[in-house]
Amino acid sequence: MSDGGLTILDGTQLRAVNLSLPSPAGISVTGAQVLDFAESKVSESLFGFSLPDALKSAALKRIGISDDLEFRIEQIDCENALSILQNYVDSIANKLQDDPIVIAILDGKTLQVFLEDEDDFAMLAENLFTDLDTEDRGKIKRNQIRDALFHMGVEMGIPPLSEFPLLSDILKRHRAEGEDELGQAQFAHLLQPVLQELADVLAEKPVVVLQKIKINNGSKLRKILADEKQLSETVEKIMQEEKDGLSIKDVIRHYLEKNGASLGLPPLKNDEVVILLYDAVLGDIENGDTDAKTSEKDEFLVFLKEILDKFAAQLEVNPTFHDLGN
């Protein structure tokens with residue numbers, strides 16, 4: 001699914017992938033062929049994005065392959081290979097469901113929006129020039145075009161140079177690397193063809209960029225709610241908190257505000273959206289009377305389950321996003 005120009009890889013893109021080995025039936029294949037084919041199909045389904053090695057290793061371990069180097073040299077019959085292929089892709093989909101990845105697909109469309117509207121482009125060029133003209137001289141160096149592109153960044157459709165070396169070639173072709181100085185009008189005149197060629201190149205071959213954004217969608221909370229041992233251990237930690245006459249609900253809230261991230265809750269960090277989420281969930285929980293025979297631990301467990309369940313339900317409908325770069 002997508003959100004505001006970003007694309008969330010949460011496993012749904014892999015659920016409908018049609019998997020079949022390219023080798024004829026009856027012919028064995030190596031583990032390397034199975035994994036290479038699987039990764040190719042996964043990347044194809046995820047807009048050309050190449051999954052991080054850590055995620056692929058985690059997916060292999062989920063299906064019982066602890067040593068991928070040893071697995072790669074194994075000879076596997078087609079029936080077993082197809083089963084491994086399906087399980088591996090399913091494992092990646094499940095891993096992405098638990099820990100979604102956010103990417104930006106840079107295909108030139110954002111740049112084209114600026115280029116097609118004269119007023120928008122003029123405002124963009126003026127703002128960039130002002131940012132770069134730190135000494136307020138009305139002049140900047142020609143090679144600061146590169147800095148202008150850096151200022152625009154992924155949010156405005158510019159891929160990082162580290163992931164798009166063709167950017168240097170584009171700058172050279174438009175003589176945007178000299179030391180001579182440009183006024184604002186000259187800067188805008190040079191910037192426009194650079195952006196246009198960049199937009200054209202990206203339209204032919206989009207660049208996929210991993211975003212440092214953590215998504216909290218309630219999936220981890222659901223797993224914890226299904227794990228009685230972890231719930232019990234969490235309750236024991238909560239009960240060690242200083243109570244000072246607080247209600248059970250307030251004791252749990254204080255614990256979650258400090259330790260909720262380990263359970264799959266979004267960090268507070270003065271985030272108004274998350275603060276409102278806490279208020280909405282906890283405000284909907286009553287400290288009702290409990291059975292006199294119920295132990296204190298059982299009371300805490302009942303409240304904790306109810307609170308986490310409501311958090312999970314809210315996050316499933318409205319996931320939160322946390323910038324890991326901040």
# chains A, B, ... in the order shown; residues from 1 in each chain; ligands from 1
>>> select_by_dssp(residues="region 59-183 of chain A", states="alpha helix (DSSP H)", output="PyMOL selection string")
chain A and resi 59-62+68-72+78-98+109-116+118-132+145-152+166-173
>>> select_by_dssp(residues="region 22-188 of chain A", states="strand (DSSP E or B)", output="list in words")
Val29, Thr30, Gln75, Ile76, Ile101, Val102, Ile103, Ala104, Ile105, Leu106, Ile140, Lys141, Glu181 and Leu182 of chain A
>>> write_last_selection(atoms="all heavy atoms", output="compact mmCIF listing (two decimals), in the first residue's frame")
# COMPACT_ATOMS: atom_id res chain seq x y z
N VAL A 29 17.73 -28.97 -9.15
CA VAL A 29 18.34 -27.64 -9.18
C VAL A 29 19.18 -27.46 -7.93
O VAL A 29 19.03 -28.21 -6.95
CB VAL A 29 17.28 -26.53 -9.26
CG1 VAL A 29 16.51 -26.60 -10.57
CG2 VAL A 29 16.32 -26.59 -8.07
N THR A 30 20.04 -26.48 -7.94
CA THR A 30 20.84 -26.19 -6.75
C THR A 30 20.08 -25.22 -5.85
O THR A 30 19.18 -24.50 -6.30
CB THR A 30 22.19 -25.56 -7.13
OG1 THR A 30 21.95 -24.29 -7.75
CG2 THR A 30 22.98 -26.47 -8.07
N GLN A 75 21.91 -30.13 -4.08
CA GLN A 75 21.07 -30.50 -5.22
C GLN A 75 19.69 -30.85 -4.70
O GLN A 75 19.55 -31.67 -3.80
CB GLN A 75 21.67 -31.70 -5.96
CG GLN A 75 22.94 -31.40 -6.75
CD GLN A 75 22.66 -30.54 -7.97
OE1 GLN A 75 21.58 -30.62 -8.56
NE2 GLN A 75 23.63 -29.70 -8.35
N ILE A 76 18.66 -30.23 -5.26
CA ILE A 76 17.30 -30.39 -4.74
C ILE A 76 16.39 -30.78 -5.89
O ILE A 76 16.44 -30.18 -6.97
CB ILE A 76 16.80 -29.06 -4.11
CG1 ILE A 76 17.82 -28.54 -3.10
CG2 ILE A 76 15.45 -29.25 -3.47
CD1 ILE A 76 17.57 -27.12 -2.66
N ILE A 101 8.62 -2.24 5.51
CA ILE A 101 9.68 -1.36 5.03
C ILE A 101 9.04 -0.25 4.21
O ILE A 101 8.08 -0.49 3.47
CB ILE A 101 10.69 -2.15 4.17
CG1 ILE A 101 11.56 -3.03 5.07
CG2 ILE A 101 11.57 -1.22 3.35
CD1 ILE A 101 12.50 -3.94 4.29
N VAL A 102 9.57 0.96 4.34
CA VAL A 102 9.06 2.09 3.55
C VAL A 102 10.07 2.45 2.47
O VAL A 102 11.26 2.60 2.76
CB VAL A 102 8.79 3.31 4.45
CG1 VAL A 102 8.27 4.47 3.62
CG2 VAL A 102 7.79 2.96 5.54
N ILE A 103 9.60 2.57 1.25
CA ILE A 103 10.48 2.97 0.15
C ILE A 103 9.88 4.16 -0.58
O ILE A 103 8.67 4.43 -0.48
CB ILE A 103 10.70 1.82 -0.86
CG1 ILE A 103 9.37 1.38 -1.49
CG2 ILE A 103 11.42 0.65 -0.21
CD1 ILE A 103 9.51 0.38 -2.62
N ALA A 104 10.73 4.88 -1.29
CA ALA A 104 10.27 5.93 -2.19
C ALA A 104 10.63 5.48 -3.61
O ALA A 104 11.76 5.07 -3.86
CB ALA A 104 10.95 7.25 -1.87
N ILE A 105 9.66 5.53 -4.51
CA ILE A 105 9.89 5.16 -5.90
C ILE A 105 10.04 6.46 -6.69
O ILE A 105 9.06 7.19 -6.90
CB ILE A 105 8.74 4.31 -6.46
CG1 ILE A 105 8.57 3.06 -5.59
CG2 ILE A 105 9.01 3.93 -7.91
CD1 ILE A 105 7.35 2.22 -5.95
N LEU A 106 11.25 6.76 -7.10
CA LEU A 106 11.54 8.01 -7.80
C LEU A 106 11.47 7.76 -9.30
O LEU A 106 12.38 7.16 -9.89
CB LEU A 106 12.92 8.53 -7.40
CG LEU A 106 13.16 8.63 -5.88
CD1 LEU A 106 14.55 9.19 -5.60
CD2 LEU A 106 12.09 9.47 -5.22
N ILE A 140 26.05 32.65 -6.65
CA ILE A 140 26.53 31.37 -6.12
C ILE A 140 27.38 30.72 -7.20
O ILE A 140 27.31 31.10 -8.38
CB ILE A 140 25.36 30.42 -5.74
CG1 ILE A 140 24.54 30.04 -6.98
CG2 ILE A 140 24.49 31.02 -4.66
CD1 ILE A 140 23.52 28.95 -6.72
N LYS A 141 28.18 29.75 -6.82
CA LYS A 141 29.04 29.07 -7.79
C LYS A 141 28.22 28.09 -8.62
O LYS A 141 27.25 27.50 -8.15
CB LYS A 141 30.17 28.34 -7.06
CG LYS A 141 31.19 29.28 -6.44
CD LYS A 141 32.32 28.51 -5.79
CE LYS A 141 33.35 29.47 -5.20
NZ LYS A 141 34.47 28.74 -4.55
N GLU A 181 30.55 32.03 -11.30
CA GLU A 181 29.39 32.37 -10.49
C GLU A 181 28.16 32.66 -11.35
O GLU A 181 28.26 33.09 -12.50
CB GLU A 181 29.70 33.57 -9.60
CG GLU A 181 30.78 33.26 -8.55
CD GLU A 181 30.97 34.38 -7.57
OE1 GLU A 181 30.83 35.56 -7.96
OE2 GLU A 181 31.24 34.09 -6.38
N LEU A 182 27.00 32.40 -10.74
CA LEU A 182 25.71 32.59 -11.41
C LEU A 182 24.81 33.47 -10.57
O LEU A 182 24.80 33.38 -9.34
CB LEU A 182 25.00 31.23 -11.61
CG LEU A 182 25.76 30.10 -12.30
CD1 LEU A 182 24.96 28.81 -12.20
CD2 LEU A 182 26.03 30.45 -13.76
>>> atom_distance(atom1="CA of Phe164 (chain A)", atom2="CA of Met123 (chain A)")
25.9 Å
>>> residues_around(residues="Met152 (chain A)", least_positions_apart="3", cutoff="12 Å", atoms="only C-alpha atoms", output="compact mmCIF listing (two decimals) with C-alpha atoms, in the first residue's frame")
# COMPACT_ATOMS: atom_id res chain seq x y z
CA THR A 110 7.38 14.76 -8.85
CA LEU A 111 10.04 16.64 -10.81
CA PHE A 114 7.53 21.42 -10.94
CA LEU A 124 11.51 26.38 -6.40
CA ALA A 125 14.54 27.96 -8.09
CA ASN A 127 14.01 29.23 -2.74
CA LEU A 128 16.99 27.02 -3.62
CA PHE A 129 19.07 30.01 -4.69
CA ASP A 131 19.22 28.82 0.64
CA LEU A 132 22.54 28.48 -1.18
CA ILE A 145 23.78 23.06 -8.56
CA ARG A 146 24.80 19.77 -6.95
CA ASP A 147 24.05 21.25 -3.52
CA ALA A 148 20.67 22.43 -4.82
CA LEU A 149 19.79 18.87 -5.78
CA GLU A 155 11.06 14.23 -0.90
CA MET A 156 11.18 16.23 -4.14
CA GLY A 157 12.16 13.30 -6.35
CA ILE A 158 15.98 13.53 -6.35
CA PRO A 159 17.78 10.20 -5.77
CA PRO A 160 20.89 10.15 -3.55
CA LEU A 191 18.72 24.11 -13.15
CA LEU A 195 15.97 18.57 -13.72
>>> atom_distance(atom1="CA of His254 (chain A)", atom2="CA of Ile238 (chain A)")
9.0 Å
>>> residues_around(residues="region 48-56 of chain A", least_positions_apart="3", cutoff="10 Å", atoms="only C-alpha atoms", output="MDAnalysis selection string")
chainID A and resid 9 35 39:45 59:62 88:89 91:92 95:96 99 101 103:105 206:210
>>> residues_around(residues="Asp77 (chain A)", least_positions_apart="4", cutoff="7 Å", atoms="only C-alpha atoms", output="count of residues only")
4
>>> closest_residue(among="A:Pro165, A:Glu70, A:Gln184, A:Ala122", to="Asp136 (chain A)", atoms="only C-alpha atoms")
A:Gln184
>>> atom_distance(atom1="CA of Ser295 (chain A)", atom2="CA of Glu241 (chain A)")
17.1 Å
>>> residues_around(residues="Ala32 (chain A)", least_positions_apart="5", cutoff="8 Å", atoms="only C-alpha atoms", output="list of chain:residue names")
A:Phe71, A:Arg72, A:Ile73
>>> residues_around(residues="Leu304 (chain A)", least_positions_apart="3", cutoff="8 Å", atoms="only C-alpha atoms", output="PDB file with C-alpha atoms, in the first residue's frame")
ATOM      1  CA  VAL A 235       3.084  -8.028  34.042  1.00  0.00           C
ATOM      2  CA  ILE A 252       0.411   0.316  33.212  1.00  0.00           C
ATOM      3  CA  PHE A 300      -2.847  -6.445  35.943  1.00  0.00           C
ATOM      4  CA  LEU A 301      -2.946  -9.128  33.245  1.00  0.00           C
ATOM      5  CA  ILE A 307      -5.042  -2.045  26.734  1.00  0.00           C
ATOM      6  CA  LEU A 308      -2.717  -3.797  24.257  1.00  0.00           C
TER       7      LEU A 308
END
>>> closest_residue(among="A:Ala261, A:Leu256, A:Ile170, A:Ile248", to="Glu286 (chain A)", atoms="only C-alpha atoms")
A:Ile248
>>> closest_residue(among="A:Thr7, A:Ile285, A:Phe150, A:Asp67", to="Ser162 (chain A)", atoms="only C-alpha atoms")
A:Phe150
